[in-house]
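These notes concern the structure reproduced below.
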Amino acid sequence: MQTGSVTRHGRGWRGHWRENGQRRSTPTYARKGEARAALNGELERLALGERYRAPITLHELADRFLEQYAAAPQTVTNVRMRLVRPLDAFGDVQAADVSSEAIQRLVVPLKPAYRRDVVRTLRQIYRWAVDAGLVSRNPARLVAAPKPVRGERILPFALDEVDRVVEETGRWGPLVAFMADTGARPSEAVVVEWRHIDLAAGTVELPGAKTELAWRTVHMTSRGRSAVAAMPRALTTPCVFHVGGRPLSWAYFYREVWKPALEAAGLEYRAPYNLRHTYALHNLQAGVPIATLARQMGHADVNRTFATYGGWVREMGADAAALRERWADGANTAPKTLET
């Protein structure tokens with residue numbers, strides 16, 4: 001294995017090595033140690049061959065990840081926020097030199113929810129970097145992260161309770177009915193436009209607010225179709241839900257409409273997001289497969305849907321037994337042998 005050499009070059013220093021039969025040199029450095037470090041990097045590249053990974057700091061790695069990260073603007077903003085502490089601590093460190101222990105020490109003092117978000121973000125970036133050949137391992141994969149705990153209790157509405165809230169919210173009623181019938185997130189419902197609606201087919205294209213997979217087509221029941229039909233079109237906005245042609249203010253709705261409406265309806269307080277949970281509950285109670293529900297709700301992974309709503313899945317054992325019983329009483333002959 002060649003060791004190369006470091007020699008004077010003008011007022012600085014250069015490292016030299018041979019590659020493919022030619023003499024190669026590093027840039028000129030002010031200090032001999034800097035030239036030697038650069039030379040050692042080149043010699044390591046030659047020794048490792050295809051296993052070599054070019055040096056890249058965590059900050060550079062994060063920048064390259066974000067350049068190719070195709071997600072909703074708010075999701076990108078969230079990723080940047082979760083990277084603040086890791087980049088402050090390790091931004092100038094080589095990404096390959098960041099250890100699982102160092103990440104664990106960084107996140108231990110953080111609140112559980114934020115700790116989990118930081119670890120998940122680092123796992124995602126390193127996973128991409130490994131696939132891209134920028135680093136050889138994912139140190140965040142071994143870091144413990146607390147399981148997610150919802151900040152608010154899930155408390156869905158019964159159908160009659162939805163009707164009572166719709167009545168008490170007045171001109172905001174169609175929005176409430178629409179969210180309960182489609183499972184739209186608040187950020188999705190307020191940007192639904194008439195071009196997303198097909199009343200003849202009874203469908204709405206929900207413009208996903210989190211990821212590309214969140215964009216989906218949802219079939220409405222008569223409740224949802226009536227809610228949409230009740231909204232007058234406005235020349236000043238393409239949105240379905242508006243107030244006199246003006247965009248909806250979710251903060252105003254939450255403070256001035258939602259809370260008083262629940263009180264007037266005699267219902268226990270819960271966040272508006274529970275309209276989305278209501279959609280999930282009614283689907284599962286009706287026997288809709290949870291995999292179908294996951295797609296309708298814009299979840300990228302059915303495991304997330306099951307973790308949140310699995311307790312509501314209707315027990316299908318009785319249905320399965322009934323099917324077997326009908327089979328046993330009728331066409332219970334042995335299956336025909338397939339011809340090859």
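As shown in the structure tokens, the chain order sets the letters A, B, ...; within each chain, residues go from 1, and ligands are also counted from 1 in the order they appear.
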
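Residues within 10 Å of Lys259 in chain A, counting only C-alpha atoms and excluding same-chain residues fewer than 4 positions away, are Thr169, Phe253, Tyr254, Arg255, Glu263, Ala264, Leu267, Glu268, Tyr269, Arg270, Ala271 and Pro272 of chain A.
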
With C-alpha atoms retained, write the just-selected residues as an mmCIF file, in the first residue's frame.
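This is the output file out.cif:
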data_model
loop_
_atom_site.group_PDB
_atom_site.id
_atom_site.type_symbol
_atom_site.label_atom_id
_atom_site.label_comp_id
_atom_site.auth_asym_id
_atom_site.auth_seq_id
_atom_site.Cartn_x
_atom_site.Cartn_y
_atom_site.Cartn_z
ATOM 1 C CA THR A 169 -72.691 25.954 13.762
ATOM 2 C CA PHE A 253 -63.869 28.858 13.587
ATOM 3 C CA TYR A 254 -62.166 27.047 16.444
ATOM 4 C CA ARG A 255 -62.595 29.923 18.900
ATOM 5 C CA GLU A 263 -71.720 23.814 24.436
ATOM 6 C CA ALA A 264 -75.054 24.672 22.806
ATOM 7 C CA LEU A 267 -71.742 17.759 24.041
ATOM 8 C CA GLU A 268 -68.440 17.124 25.767
ATOM 9 C CA TYR A 269 -65.647 19.248 24.344
ATOM 10 C CA ARG A 270 -63.357 17.704 21.729
ATOM 11 C CA ALA A 271 -61.134 19.114 18.989
ATOM 12 C CA PRO A 272 -62.517 19.535 15.439
#

Nearest-residue call for Leu106 in chain A, choices A:Phe90, A:Phe306, A:Tyr69, A:Trp327, using only C-alpha atoms:
A:Phe90

All strand (DSSP E) positions in range 150-300 of chain A, as a PyMOL selection string:
chain A and resi 197-198+203-206+216-219

Which residues, written as an mmCIF file with N, CA and C atoms, in the first residue's frame, have at least one atom at most 9 Å from Leu58 in chain A, with only C-alpha atoms counted and residues fewer than 4 positions away on the same chain left out?
data_model
loop_
_atom_site.group_PDB
_atom_site.id
_atom_site.type_symbol
_atom_site.label_atom_id
_atom_site.label_comp_id
_atom_site.auth_asym_id
_atom_site.auth_seq_id
_atom_site.Cartn_x
_atom_site.Cartn_y
_atom_site.Cartn_z
ATOM 1 N N ALA A 62 -27.953 16.783 5.129
ATOM 2 C CA ALA A 62 -29.320 17.274 5.315
ATOM 3 C C ALA A 62 -29.739 18.142 4.137
ATOM 4 N N ASP A 63 -28.831 19.011 3.660
ATOM 5 C CA ASP A 63 -29.153 19.870 2.522
ATOM 6 C C ASP A 63 -29.454 19.037 1.275
ATOM 7 N N PRO A 86 -29.975 18.729 16.003
ATOM 8 C CA PRO A 86 -28.899 17.868 15.488
ATOM 9 C C PRO A 86 -27.845 18.636 14.698
ATOM 10 N N LEU A 87 -28.266 19.610 13.891
ATOM 11 C CA LEU A 87 -27.296 20.362 13.098
ATOM 12 C C LEU A 87 -26.478 21.313 13.967
ATOM 13 N N PHE A 90 -24.062 18.589 15.552
ATOM 14 C CA PHE A 90 -23.212 17.752 14.692
ATOM 15 C C PHE A 90 -23.106 18.262 13.251
ATOM 16 N N GLY A 91 -23.576 19.470 12.981
ATOM 17 C CA GLY A 91 -23.627 19.944 11.603
ATOM 18 C C GLY A 91 -22.297 19.882 10.876
ATOM 19 N N ASP A 92 -21.203 20.199 11.556
ATOM 20 C CA ASP A 92 -19.877 20.213 10.929
ATOM 21 C C ASP A 92 -19.141 18.887 11.066
ATOM 22 N N VAL A 93 -19.776 17.913 11.704
ATOM 23 C CA VAL A 93 -19.161 16.595 11.876
ATOM 24 C C VAL A 93 -19.430 15.753 10.631
ATOM 25 N N GLN A 94 -18.468 14.916 10.251
ATOM 26 C CA GLN A 94 -18.706 14.001 9.145
ATOM 27 C C GLN A 94 -19.901 13.110 9.487
ATOM 28 N N ALA A 95 -20.846 13.004 8.536
ATOM 29 C CA ALA A 95 -22.069 12.249 8.793
ATOM 30 C C ALA A 95 -21.763 10.813 9.192
ATOM 31 N N ALA A 96 -20.720 10.243 8.616
ATOM 32 C CA ALA A 96 -20.363 8.860 8.926
ATOM 33 C C ALA A 96 -19.781 8.708 10.325
ATOM 34 N N VAL A 98 -20.967 10.354 13.063
ATOM 35 C CA VAL A 98 -21.979 10.557 14.100
ATOM 36 C C VAL A 98 -22.413 9.186 14.614
#

Would you give me, as an MDAnalysis selection string, the residues in range 121-283 of chain A that DSSP reads as alpha helix (DSSP H)?
chainID A and resid 121:131 159:168 173:182 186:189 222:229 250:252 259:264 274:283

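Within 10 Å of Leu142 in chain A, once only C-alpha atoms are used and residues closer than 5 positions along the same chain are dropped, the contacting residues are A:Ser99, A:Ser100, A:Glu101, A:Ile103, A:Gln104, A:Val119, A:Arg123.
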
Residues from the last selection, all heavy atoms, saved as a PDB file, in the first residue's frame:
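Okay, this is what ended up in selection.pdb:
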ATOM      1  N   SER A  99     -22.322   8.978  15.908  1.00  0.00           N
ATOM      2  CA  SER A  99     -22.621   7.671  16.492  1.00  0.00           C
ATOM      3  C   SER A  99     -24.026   7.626  17.071  1.00  0.00           C
ATOM      4  O   SER A  99     -24.634   8.660  17.372  1.00  0.00           O
ATOM      5  CB  SER A  99     -21.615   7.336  17.590  1.00  0.00           C
ATOM      6  OG  SER A  99     -21.778   8.228  18.684  1.00  0.00           O
ATOM      7  N   SER A 100     -24.525   6.418  17.258  1.00  0.00           N
ATOM      8  CA  SER A 100     -25.825   6.241  17.893  1.00  0.00           C
ATOM      9  C   SER A 100     -25.811   6.800  19.308  1.00  0.00           C
ATOM     10  O   SER A 100     -26.782   7.408  19.765  1.00  0.00           O
ATOM     11  CB  SER A 100     -26.198   4.755  17.924  1.00  0.00           C
ATOM     12  OG  SER A 100     -26.235   4.213  16.618  1.00  0.00           O
ATOM     13  N   GLU A 101     -24.686   6.605  20.017  1.00  0.00           N
ATOM     14  CA  GLU A 101     -24.564   7.101  21.384  1.00  0.00           C
ATOM     15  C   GLU A 101     -24.655   8.622  21.431  1.00  0.00           C
ATOM     16  O   GLU A 101     -25.318   9.189  22.305  1.00  0.00           O
ATOM     17  CB  GLU A 101     -23.242   6.641  21.984  1.00  0.00           C
ATOM     18  CG  GLU A 101     -23.023   7.114  23.413  1.00  0.00           C
ATOM     19  CD  GLU A 101     -21.653   6.768  23.953  1.00  0.00           C
ATOM     20  OE1 GLU A 101     -20.843   6.203  23.176  1.00  0.00           O
ATOM     21  OE2 GLU A 101     -21.378   7.072  25.116  1.00  0.00           O
ATOM     22  N   ILE A 103     -26.183  10.612  19.295  1.00  0.00           N
ATOM     23  CA  ILE A 103     -27.566  11.015  19.024  1.00  0.00           C
ATOM     24  C   ILE A 103     -28.428  10.784  20.251  1.00  0.00           C
ATOM     25  O   ILE A 103     -29.260  11.624  20.615  1.00  0.00           O
ATOM     26  CB  ILE A 103     -28.126  10.241  17.816  1.00  0.00           C
ATOM     27  CG1 ILE A 103     -27.343  10.582  16.549  1.00  0.00           C
ATOM     28  CG2 ILE A 103     -29.604  10.561  17.610  1.00  0.00           C
ATOM     29  CD1 ILE A 103     -27.757   9.770  15.335  1.00  0.00           C
ATOM     30  N   GLN A 104     -28.220   9.645  20.924  1.00  0.00           N
ATOM     31  CA  GLN A 104     -29.004   9.335  22.124  1.00  0.00           C
ATOM     32  C   GLN A 104     -28.782  10.388  23.200  1.00  0.00           C
ATOM     33  O   GLN A 104     -29.732  10.843  23.846  1.00  0.00           O
ATOM     34  CB  GLN A 104     -28.621   7.953  22.648  1.00  0.00           C
ATOM     35  CG  GLN A 104     -29.501   7.453  23.790  1.00  0.00           C
ATOM     36  CD  GLN A 104     -30.886   7.075  23.308  1.00  0.00           C
ATOM     37  OE1 GLN A 104     -31.041   6.255  22.426  1.00  0.00           O
ATOM     38  NE2 GLN A 104     -31.912   7.682  23.883  1.00  0.00           N
ATOM     39  N   VAL A 119     -35.649  11.907  16.195  1.00  0.00           N
ATOM     40  CA  VAL A 119     -35.065  10.601  15.866  1.00  0.00           C
ATOM     41  C   VAL A 119     -35.621  10.084  14.549  1.00  0.00           C
ATOM     42  O   VAL A 119     -34.880   9.576  13.702  1.00  0.00           O
ATOM     43  CB  VAL A 119     -35.323   9.595  17.005  1.00  0.00           C
ATOM     44  CG1 VAL A 119     -34.893   8.186  16.585  1.00  0.00           C
ATOM     45  CG2 VAL A 119     -34.567  10.014  18.256  1.00  0.00           C
ATOM     46  N   ARG A 123     -33.475   9.221  11.225  1.00  0.00           N
ATOM     47  CA  ARG A 123     -33.560   7.892  10.617  1.00  0.00           C
ATOM     48  C   ARG A 123     -33.898   8.001   9.134  1.00  0.00           C
ATOM     49  O   ARG A 123     -33.320   7.301   8.294  1.00  0.00           O
ATOM     50  CB  ARG A 123     -34.640   7.060  11.323  1.00  0.00           C
ATOM     51  CG  ARG A 123     -34.258   6.557  12.704  1.00  0.00           C
ATOM     52  CD  ARG A 123     -35.444   5.852  13.334  1.00  0.00           C
ATOM     53  NE  ARG A 123     -35.150   5.376  14.678  1.00  0.00           N
ATOM     54  CZ  ARG A 123     -36.067   4.892  15.501  1.00  0.00           C
ATOM     55  NH1 ARG A 123     -37.330   4.825  15.123  1.00  0.00           N
ATOM     56  NH2 ARG A 123     -35.715   4.479  16.712  1.00  0.00           N
TER      57      ARG A 123
END

Val302 in chain A environment, 10 Å, only C-alpha atoms, sequence neighbours closer than 6 positions dropped, as a PyMOL selection string:
chain A and resi 290-295+308

Once you have the residues from the selection above, write them out as an mmCIF file, in the first residue's frame, restricted to all heavy atoms.
data_model
loop_
_atom_site.group_PDB
_atom_site.id
_atom_site.type_symbol
_atom_site.label_atom_id
_atom_site.label_comp_id
_atom_site.auth_asym_id
_atom_site.auth_seq_id
_atom_site.Cartn_x
_atom_site.Cartn_y
_atom_site.Cartn_z
ATOM 1 N N ILE A 290 -60.072 -2.291 6.971
ATOM 2 C CA ILE A 290 -59.197 -1.240 7.476
ATOM 3 C C ILE A 290 -58.167 -0.818 6.434
ATOM 4 O O ILE A 290 -57.715 0.328 6.420
ATOM 5 C CB ILE A 290 -58.515 -1.683 8.792
ATOM 6 C CG1 ILE A 290 -57.972 -0.460 9.536
ATOM 7 C CG2 ILE A 290 -57.433 -2.722 8.533
ATOM 8 C CD1 ILE A 290 -57.609 -0.726 10.972
ATOM 9 N N ALA A 291 -57.802 -1.720 5.504
ATOM 10 C CA ALA A 291 -56.875 -1.343 4.439
ATOM 11 C C ALA A 291 -57.517 -0.324 3.504
ATOM 12 O O ALA A 291 -56.862 0.608 3.034
ATOM 13 C CB ALA A 291 -56.443 -2.579 3.653
ATOM 14 N N THR A 292 -58.821 -0.492 3.245
ATOM 15 C CA THR A 292 -59.547 0.484 2.422
ATOM 16 C C THR A 292 -59.642 1.816 3.142
ATOM 17 O O THR A 292 -59.466 2.879 2.543
ATOM 18 C CB THR A 292 -60.955 -0.044 2.093
ATOM 19 O OG1 THR A 292 -60.846 -1.292 1.396
ATOM 20 C CG2 THR A 292 -61.721 0.953 1.236
ATOM 21 N N LEU A 293 -59.928 1.756 4.437
ATOM 22 C CA LEU A 293 -60.013 2.985 5.225
ATOM 23 C C LEU A 293 -58.690 3.733 5.209
ATOM 24 O O LEU A 293 -58.665 4.961 5.108
ATOM 25 C CB LEU A 293 -60.403 2.657 6.665
ATOM 26 C CG LEU A 293 -60.436 3.847 7.629
ATOM 27 C CD1 LEU A 293 -61.507 4.846 7.213
ATOM 28 C CD2 LEU A 293 -60.668 3.366 9.063
ATOM 29 N N ALA A 294 -57.573 3.001 5.301
ATOM 30 C CA ALA A 294 -56.254 3.638 5.299
ATOM 31 C C ALA A 294 -56.067 4.471 4.035
ATOM 32 O O ALA A 294 -55.560 5.597 4.089
ATOM 33 C CB ALA A 294 -55.159 2.589 5.408
ATOM 34 N N ARG A 295 -56.462 3.920 2.889
ATOM 35 C CA ARG A 295 -56.306 4.666 1.632
ATOM 36 C C ARG A 295 -57.245 5.863 1.599
ATOM 37 O O ARG A 295 -56.869 6.939 1.123
ATOM 38 C CB ARG A 295 -56.597 3.730 0.447
ATOM 39 C CG ARG A 295 -56.362 4.395 -0.894
ATOM 40 C CD ARG A 295 -54.875 4.652 -1.112
ATOM 41 N NE ARG A 295 -54.636 5.552 -2.238
ATOM 42 C CZ ARG A 295 -54.466 6.856 -2.154
ATOM 43 N NH1 ARG A 295 -54.541 7.456 -0.963
ATOM 44 N NH2 ARG A 295 -54.220 7.604 -3.205
ATOM 45 N N THR A 308 -54.060 3.329 15.324
ATOM 46 C CA THR A 308 -54.935 4.386 15.828
ATOM 47 C C THR A 308 -56.366 3.913 16.018
ATOM 48 O O THR A 308 -57.011 4.227 17.016
ATOM 49 C CB THR A 308 -54.931 5.588 14.863
ATOM 50 O OG1 THR A 308 -53.584 6.015 14.639
ATOM 51 C CG2 THR A 308 -55.734 6.748 15.439
#

Identify, on the basis of only C-alpha atoms, every residue whose closest approach to Met179 in chain A does not exceed 12 Å; exclude the query and any residue fewer than 6 positions from it along the same chain; express the result as a PyMOL selection string.
chain A and resi 157+162+166+172-173+185-190+192+204+206+218+220-221+223-225+227-228+241+272-280+297

Same residues, N, CA, C and O atoms, output as a compact mmCIF listing (two decimals), in the first residue's frame:
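result-v4.txt, freshly written:
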# COMPACT_ATOMS: atom_id res chain seq x y z
N PHE A 157 -67.93 11.38 17.16
CA PHE A 157 -69.35 11.72 17.30
C PHE A 157 -70.22 10.59 16.77
O PHE A 157 -69.86 9.90 15.82
N VAL A 162 -73.42 14.56 15.28
CA VAL A 162 -72.94 15.36 14.15
C VAL A 162 -74.05 16.30 13.70
O VAL A 162 -73.81 17.49 13.45
N VAL A 166 -73.90 20.35 13.51
CA VAL A 166 -74.17 21.04 12.23
C VAL A 166 -75.21 22.12 12.43
O VAL A 166 -75.08 23.25 11.93
N TRP A 172 -71.60 27.56 9.10
CA TRP A 172 -70.44 26.69 9.06
C TRP A 172 -70.84 25.22 9.05
O TRP A 172 -69.99 24.34 8.94
N GLY A 173 -72.14 24.96 9.17
CA GLY A 173 -72.63 23.59 9.24
C GLY A 173 -72.20 22.70 8.08
O GLY A 173 -71.81 21.54 8.30
N ARG A 185 -58.89 16.22 6.63
CA ARG A 185 -58.19 16.97 7.66
C ARG A 185 -58.65 18.43 7.57
O ARG A 185 -59.04 18.90 6.49
N PRO A 186 -58.60 19.19 8.68
CA PRO A 186 -58.99 20.60 8.62
C PRO A 186 -58.23 21.36 7.53
O PRO A 186 -58.83 22.16 6.80
N SER A 187 -56.93 21.11 7.41
CA SER A 187 -56.14 21.82 6.40
C SER A 187 -56.51 21.42 4.98
O SER A 187 -56.25 22.17 4.04
N GLU A 188 -57.11 20.25 4.81
CA GLU A 188 -57.56 19.81 3.49
C GLU A 188 -58.93 20.39 3.15
O GLU A 188 -59.17 20.83 2.03
N ALA A 189 -59.83 20.38 4.15
CA ALA A 189 -61.20 20.82 3.91
C ALA A 189 -61.27 22.28 3.47
O ALA A 189 -62.05 22.64 2.58
N VAL A 190 -60.43 23.13 4.08
CA VAL A 190 -60.54 24.56 3.79
C VAL A 190 -59.97 24.93 2.42
O VAL A 190 -60.19 26.06 1.96
N VAL A 192 -60.43 22.77 -0.36
CA VAL A 192 -61.16 22.04 -1.40
C VAL A 192 -61.82 23.04 -2.34
O VAL A 192 -62.51 23.97 -1.91
N VAL A 204 -65.08 13.48 -4.13
CA VAL A 204 -64.27 14.67 -3.90
C VAL A 204 -62.80 14.24 -3.92
O VAL A 204 -62.45 13.21 -3.35
N LEU A 206 -59.51 15.02 -2.40
CA LEU A 206 -58.95 15.77 -1.28
C LEU A 206 -57.48 16.07 -1.55
O LEU A 206 -56.68 15.15 -1.74
N VAL A 218 -62.36 10.47 -2.48
CA VAL A 218 -63.25 9.92 -1.46
C VAL A 218 -64.68 9.99 -1.98
O VAL A 218 -65.10 11.02 -2.52
N MET A 220 -68.54 10.31 -1.31
CA MET A 220 -69.38 10.90 -0.28
C MET A 220 -70.72 10.16 -0.19
O MET A 220 -71.20 9.59 -1.18
N THR A 221 -71.33 10.21 0.99
CA THR A 221 -72.70 9.75 1.14
C THR A 221 -73.62 10.93 0.83
O THR A 221 -73.17 12.03 0.49
N ARG A 223 -75.08 12.70 2.85
CA ARG A 223 -74.78 13.78 3.81
C ARG A 223 -73.71 14.71 3.25
O ARG A 223 -73.84 15.94 3.31
N GLY A 224 -72.65 14.11 2.74
CA GLY A 224 -71.58 14.93 2.19
C GLY A 224 -72.01 15.68 0.95
O GLY A 224 -71.67 16.86 0.76
N ARG A 225 -72.76 15.01 0.07
CA ARG A 225 -73.22 15.67 -1.16
C ARG A 225 -74.14 16.84 -0.83
O ARG A 225 -74.06 17.90 -1.46
N ALA A 227 -74.08 18.62 1.89
CA ALA A 227 -73.28 19.69 2.48
C ALA A 227 -72.62 20.53 1.39
O ALA A 227 -72.60 21.77 1.47
N VAL A 228 -72.07 19.86 0.39
CA VAL A 228 -71.42 20.58 -0.71
C VAL A 228 -72.45 21.38 -1.50
O VAL A 228 -72.23 22.56 -1.84
N PHE A 241 -65.78 25.95 0.52
CA PHE A 241 -66.18 26.47 1.82
C PHE A 241 -65.55 27.85 2.04
O PHE A 241 -64.33 28.01 2.00
N PRO A 272 -61.88 19.78 16.75
CA PRO A 272 -62.52 19.54 15.44
C PRO A 272 -61.94 18.33 14.70
O PRO A 272 -62.63 17.74 13.87
N TYR A 273 -60.69 17.97 15.00
CA TYR A 273 -60.07 16.84 14.32
C TYR A 273 -60.83 15.54 14.57
O TYR A 273 -60.71 14.57 13.84
N ASN A 274 -61.68 15.54 15.62
CA ASN A 274 -62.46 14.36 15.91
C ASN A 274 -63.52 14.09 14.86
O ASN A 274 -64.09 12.99 14.82
N LEU A 275 -63.80 15.05 13.99
CA LEU A 275 -64.68 14.78 12.85
C LEU A 275 -64.02 13.77 11.92
O LEU A 275 -64.70 12.93 11.31
N ARG A 276 -62.71 13.85 11.79
CA ARG A 276 -61.97 12.86 11.00
C ARG A 276 -62.02 11.49 11.68
O ARG A 276 -62.20 10.46 11.02
N HIS A 277 -61.88 11.47 13.00
CA HIS A 277 -61.99 10.22 13.74
C HIS A 277 -63.41 9.64 13.62
O HIS A 277 -63.59 8.42 13.58
N THR A 278 -64.38 10.52 13.54
CA THR A 278 -65.76 10.08 13.37
C THR A 278 -65.93 9.34 12.05
O THR A 278 -66.59 8.30 11.99
N TYR A 279 -65.32 9.87 11.01
CA TYR A 279 -65.36 9.20 9.70
C TYR A 279 -64.77 7.80 9.81
O TYR A 279 -65.32 6.83 9.27
N ALA A 280 -63.64 7.67 10.49
CA ALA A 280 -63.00 6.36 10.65
C ALA A 280 -63.91 5.40 11.42
O ALA A 280 -64.08 4.24 11.03
N MET A 297 -58.25 7.60 4.03
CA MET A 297 -57.81 8.64 4.97
C MET A 297 -56.45 9.23 4.58
O MET A 297 -55.97 10.14 5.25

So how many Å separate CA of Met81 in chain A and CA of Val118 in chain A, to one decimal?
8.9 Å

Just the residues within 8 Å of Ala38 in chain A, please, counting only C-alpha atoms, with nothing from its chain fewer than 4 positions along; format it as an MDAnalysis selection string.
chainID A and resid 15 26 34 42

Go ahead and save the picked residues with all heavy atoms, as an mmCIF file, in the first residue's frame.
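This went into result27.cif:
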data_model
loop_
_atom_site.group_PDB
_atom_site.id
_atom_site.type_symbol
_atom_site.label_atom_id
_atom_site.label_comp_id
_atom_site.auth_asym_id
_atom_site.auth_seq_id
_atom_site.Cartn_x
_atom_site.Cartn_y
_atom_site.Cartn_z
ATOM 1 N N GLY A 15 0.227 17.220 -0.978
ATOM 2 C CA GLY A 15 0.411 15.785 -0.886
ATOM 3 C C GLY A 15 0.451 15.188 -2.281
ATOM 4 O O GLY A 15 -0.209 15.687 -3.200
ATOM 5 N N THR A 26 -2.627 16.916 -4.186
ATOM 6 C CA THR A 26 -3.717 17.587 -3.478
ATOM 7 C C THR A 26 -3.633 19.092 -3.743
ATOM 8 O O THR A 26 -2.624 19.581 -4.274
ATOM 9 C CB THR A 26 -3.607 17.348 -1.962
ATOM 10 O OG1 THR A 26 -2.435 18.041 -1.472
ATOM 11 C CG2 THR A 26 -3.488 15.872 -1.639
ATOM 12 N N GLU A 34 -2.359 19.659 7.291
ATOM 13 C CA GLU A 34 -3.555 19.708 6.458
ATOM 14 C C GLU A 34 -3.339 18.971 5.146
ATOM 15 O O GLU A 34 -4.226 18.253 4.655
ATOM 16 C CB GLU A 34 -3.939 21.166 6.202
ATOM 17 C CG GLU A 34 -4.375 21.925 7.457
ATOM 18 C CD GLU A 34 -4.611 23.394 7.195
ATOM 19 O OE1 GLU A 34 -4.045 23.917 6.203
ATOM 20 O OE2 GLU A 34 -5.353 24.017 7.971
ATOM 21 N N GLU A 42 -7.213 10.689 0.191
ATOM 22 C CA GLU A 42 -7.096 10.139 -1.162
ATOM 23 C C GLU A 42 -6.582 8.702 -1.137
ATOM 24 O O GLU A 42 -7.043 7.837 -1.891
ATOM 25 C CB GLU A 42 -6.167 11.007 -2.004
ATOM 26 C CG GLU A 42 -6.655 12.429 -2.223
ATOM 27 C CD GLU A 42 -7.922 12.480 -3.060
ATOM 28 O OE1 GLU A 42 -8.245 11.469 -3.738
ATOM 29 O OE2 GLU A 42 -8.609 13.515 -3.045
#

Using only C-alpha atoms: which of A:Ala328, A:Ala230, A:Val84, A:Ala201 has the shortest distance to His242 in chain A:
A:Ala230

Between A:Asp301, A:Glu256, A:Glu19, A:Asp163, which residue has the minimum interatomic distance to Asp181 in chain A, considering only C-alpha atoms?
A:Asp163
